[in-house]
Protein chains: 2
Amino acid sequence: MGGNGREPAPTARLLAESTGWLLNDAAREVTLRIEEALKGDDLRWRDYGVLVVLEAAGPLSQQEIGRRLAVDRSTMVHIIDVLEQRGLVLRSRDRTDRRAYSIELTDPGRALLVEVLHPLTAEVHSSVTGKLTDEDRAHLNRILAQLAGGT
Amino acid sequence: MGGNGREPAPTARLLAESTGWLLNDAAREVTLRIEEALKGDDLRWRDYGVLVVLEAAGPLSQQEIGRRLAVDRSTMVHIIDVLEQRGLVLRSRDRTDRRAYSIELTDPGRALLVEVLHPLTAEVHSSVTGKLTDEDRAHLNRILAQLAGGT
DNA sequence: TACAAATCATCAGCTCTACTGATTGACAGG
DNA sequence: CCTGTCAATCAGTAGAGCTGATGATTTGTA
């Protein structure tokens with residue numbers, strides 16, 4: 001049988017009806033699939049997140065990226081190390097604040113996003129949410145945004 | 001301002017519209033709140049999950065619990081160690097299979113669930129999903145179950 | 001019966017991530 | 001200037017996942 005322990009093991013009804021538990025199950029499922037898809041390019045989902053944020057917002061400091069993605073500052077050091085070594089981002093001193101770096105997307109980084117990463121993740125998303133109607137999907141996103149939005 | 005970095009940091013639109021990203025954000029939010037609520041009883045959400053599964057299914061082996069909660073077998077060893085030390089579960093050899101333990105809820109464990117843990121987590125849930133209509137909540141649970149259900 | 005394969009719990013070792021605290025260099029206000 | 005704050009870094013710690021090995025036991029099969 002399937003080798004990965006992904007059998008639909010029965011769960012207690014109380015948990016199966018718990019929004020929190022379902023949320024975690026669904027998130028884990030999606031995360032696994034996206035990480036799997038990105039493995040070919042030797043990237044993690046977090047790395048993709050960094051690139052997307054930079055694409056949308058332009059140059060940012062490491063801490064600012066971390067804040068937006070809820071990644072710890074000390075973890076960001078390593079993430080940017082790797083992305084810089086691969087030439088996907090450029091690390092230079094911020095001209096107006098020499099304490100901070102200015103992390104910037106490079107042309108190869110932008111190209112990788114457009115040509116490979118965006119299509120890849122979009123494919124996973126449509127595979128995962130494919131069974132849902134457009135209406136359901138919109139509804140879901142709206143509700144999730146509300147939950148994540150906090151108080 | 002707020003001390004915990006829980007500011008509504010702006011995220012790239014592409015991520016804000018990504019079901020997967022929203023799913024992870026919402027799951028993290030709920031997890032944080034539940035862990036916070038359980039901290040008073042010095043329990044983790046996983047521990048609560050173990051107790052709930054045992055309450056619903058009766059005695060199970062460690063591996064079977066782990067399968068149902070998607071927790072690694074080697075992590076289960078430690079979780080049961082702690083729950084056993086606190087007298088919430090009983091670890092005895094399975095009579096029909098002496099390789100396996102039979103993990104069983106004790107009376108104090110059951111009492112803790114009913115009197116403290118269920119009310120606590122229910123409160124967090126209603127606090128988190130309080131802004132949703134009953135209809136939305138039911139819709140959400142249904143969709144999440146579908147997503148987590150896999151293939 | 002005898003032997004091989006699979007299973008349960010455990011342990012040791014590795015990795016990854018989060019978090020803390022300290023340090024260095026740089027900014028900003030009084 | 002002096003003090004406080006902030007960015008990045010590093011070291012150290014803790015927790016969780018995963019792997020592979022082991023011992024005891026069960027199960028399937030020749």
# chains A, B, ... in the order shown; residues from 1 in each chain; ligands from 1

$ residues_around --residues "region 91-106 of chain A" --least-positions-apart "3" --cutoff "6 Å" --atoms "only C-alpha atoms (C1' of nucleotides)" --output "number ranges by chain"
A: 59-61, 88, 109; C: 26; D: 7

$ interface_residues --of "chain A" --to "chain B" --cutoff "6 Å" --atoms "only C-alpha atoms" --output "ChimeraX atom specification"
/A:9,11-12,19-20,22-27,30,53,56,68,141,144,147-148

$ interface_residues --of "chain D" --to "chain B" --cutoff "10 Å" --atoms "only C-alpha atoms (C1' of nucleotides)" --output "PyMOL selection string"
chain D and resi 16-18+24-26

$ atom_distance --atom1 "CA of Gln63 (chain B)" --atom2 "CA of Leu38 (chain B)"
24.2 Å

$ residues_around --residues "DA12 (chain C)" --least-positions-apart "2" --cutoff "12 Å" --atoms "only C-alpha atoms (C1' of nucleotides)" --output "VMD selection string"
(chain B and resid 74) or (chain C and resid 10 14) or (chain D and resid 19 to 22)

$ write_last_selection --atoms "C-alpha atoms (C1' of nucleotides)" --output "mmCIF file, in the first residue's frame"
data_model
loop_
_atom_site.group_PDB
_atom_site.id
_atom_site.type_symbol
_atom_site.label_atom_id
_atom_site.label_comp_id
_atom_site.auth_asym_id
_atom_site.auth_seq_id
_atom_site.Cartn_x
_atom_site.Cartn_y
_atom_site.Cartn_z
ATOM 1 C CA SER B 74 9.415 8.445 18.174
ATOM 2 C "C1'" DT C 10 12.631 2.499 22.094
ATOM 3 C "C1'" DC C 14 21.023 14.194 12.480
ATOM 4 C "C1'" DT D 19 16.293 7.657 9.879
ATOM 5 C "C1'" DG D 20 18.219 3.617 11.078
ATOM 6 C "C1'" DA D 21 19.256 0.206 14.462
ATOM 7 C "C1'" DT D 22 17.798 -3.075 18.180
#

$ interface_residues --of "chain C" --to "chain B" --cutoff "8 Å" --atoms "only C-alpha atoms (C1' of nucleotides)" --output "PDB file with N, CA and C atoms (P, O5', C5', C4', C3', O3' and C1' of nucleotides), in the first residue's frame"
ATOM      1  P    DT C   7       4.138  -4.287   8.576  1.00  0.00           P
ATOM      2  O5'  DT C   7       4.189  -4.387  10.161  1.00  0.00           O
ATOM      3  C5'  DT C   7       3.362  -5.327  10.830  1.00  0.00           C
ATOM      4  C4'  DT C   7       3.494  -5.149  12.321  1.00  0.00           C
ATOM      5  C3'  DT C   7       3.562  -3.675  12.763  1.00  0.00           C
ATOM      6  O3'  DT C   7       2.677  -3.474  13.844  1.00  0.00           O
ATOM      7  C1'  DT C   7       5.379  -4.882  13.660  1.00  0.00           C
ATOM      8  P    DC C   8       2.371  -2.004  14.381  1.00  0.00           P
ATOM      9  O5'  DC C   8       3.124  -1.985  15.782  1.00  0.00           O
ATOM     10  C5'  DC C   8       2.648  -2.813  16.828  1.00  0.00           C
ATOM     11  C4'  DC C   8       3.455  -2.564  18.079  1.00  0.00           C
ATOM     12  C3'  DC C   8       3.642  -1.088  18.416  1.00  0.00           C
ATOM     13  O3'  DC C   8       3.264  -0.849  19.765  1.00  0.00           O
ATOM     14  C1'  DC C   8       5.745  -2.201  18.304  1.00  0.00           C
ATOM     15  P    DA C   9       3.221   0.657  20.292  1.00  0.00           P
ATOM     16  O5'  DA C   9       4.645   0.806  20.975  1.00  0.00           O
ATOM     17  C5'  DA C   9       4.948  -0.026  22.081  1.00  0.00           C
ATOM     18  C4'  DA C   9       6.414   0.098  22.440  1.00  0.00           C
ATOM     19  C3'  DA C   9       6.881   1.513  22.796  1.00  0.00           C
ATOM     20  O3'  DA C   9       7.405   1.514  24.111  1.00  0.00           O
ATOM     21  C1'  DA C   9       8.361   0.473  21.263  1.00  0.00           C
ATOM     22  P    DT C  10       7.905   2.897  24.757  1.00  0.00           P
ATOM     23  O5'  DT C  10       9.445   2.941  24.378  1.00  0.00           O
ATOM     24  C5'  DT C  10      10.267   1.851  24.719  1.00  0.00           C
ATOM     25  C4'  DT C  10      11.635   2.008  24.078  1.00  0.00           C
ATOM     26  C3'  DT C  10      12.275   3.381  24.289  1.00  0.00           C
ATOM     27  O3'  DT C  10      13.348   3.230  25.217  1.00  0.00           O
ATOM     28  C1'  DT C  10      12.631   2.499  22.094  1.00  0.00           C
TER      29       DT C  10
END

$ select_by_dssp --residues "region 4-121 of chain B" --states "helix (DSSP H, G or I)" --output "NGL selection string"
:B and (13-16 or 19-41 or 45-57 or 62-69 or 73-85 or 107-121)

$ select_by_dssp --residues "chain A" --states "strand (DSSP E or B)" --output "number ranges by chain"
A: 60, 89-93, 101-105
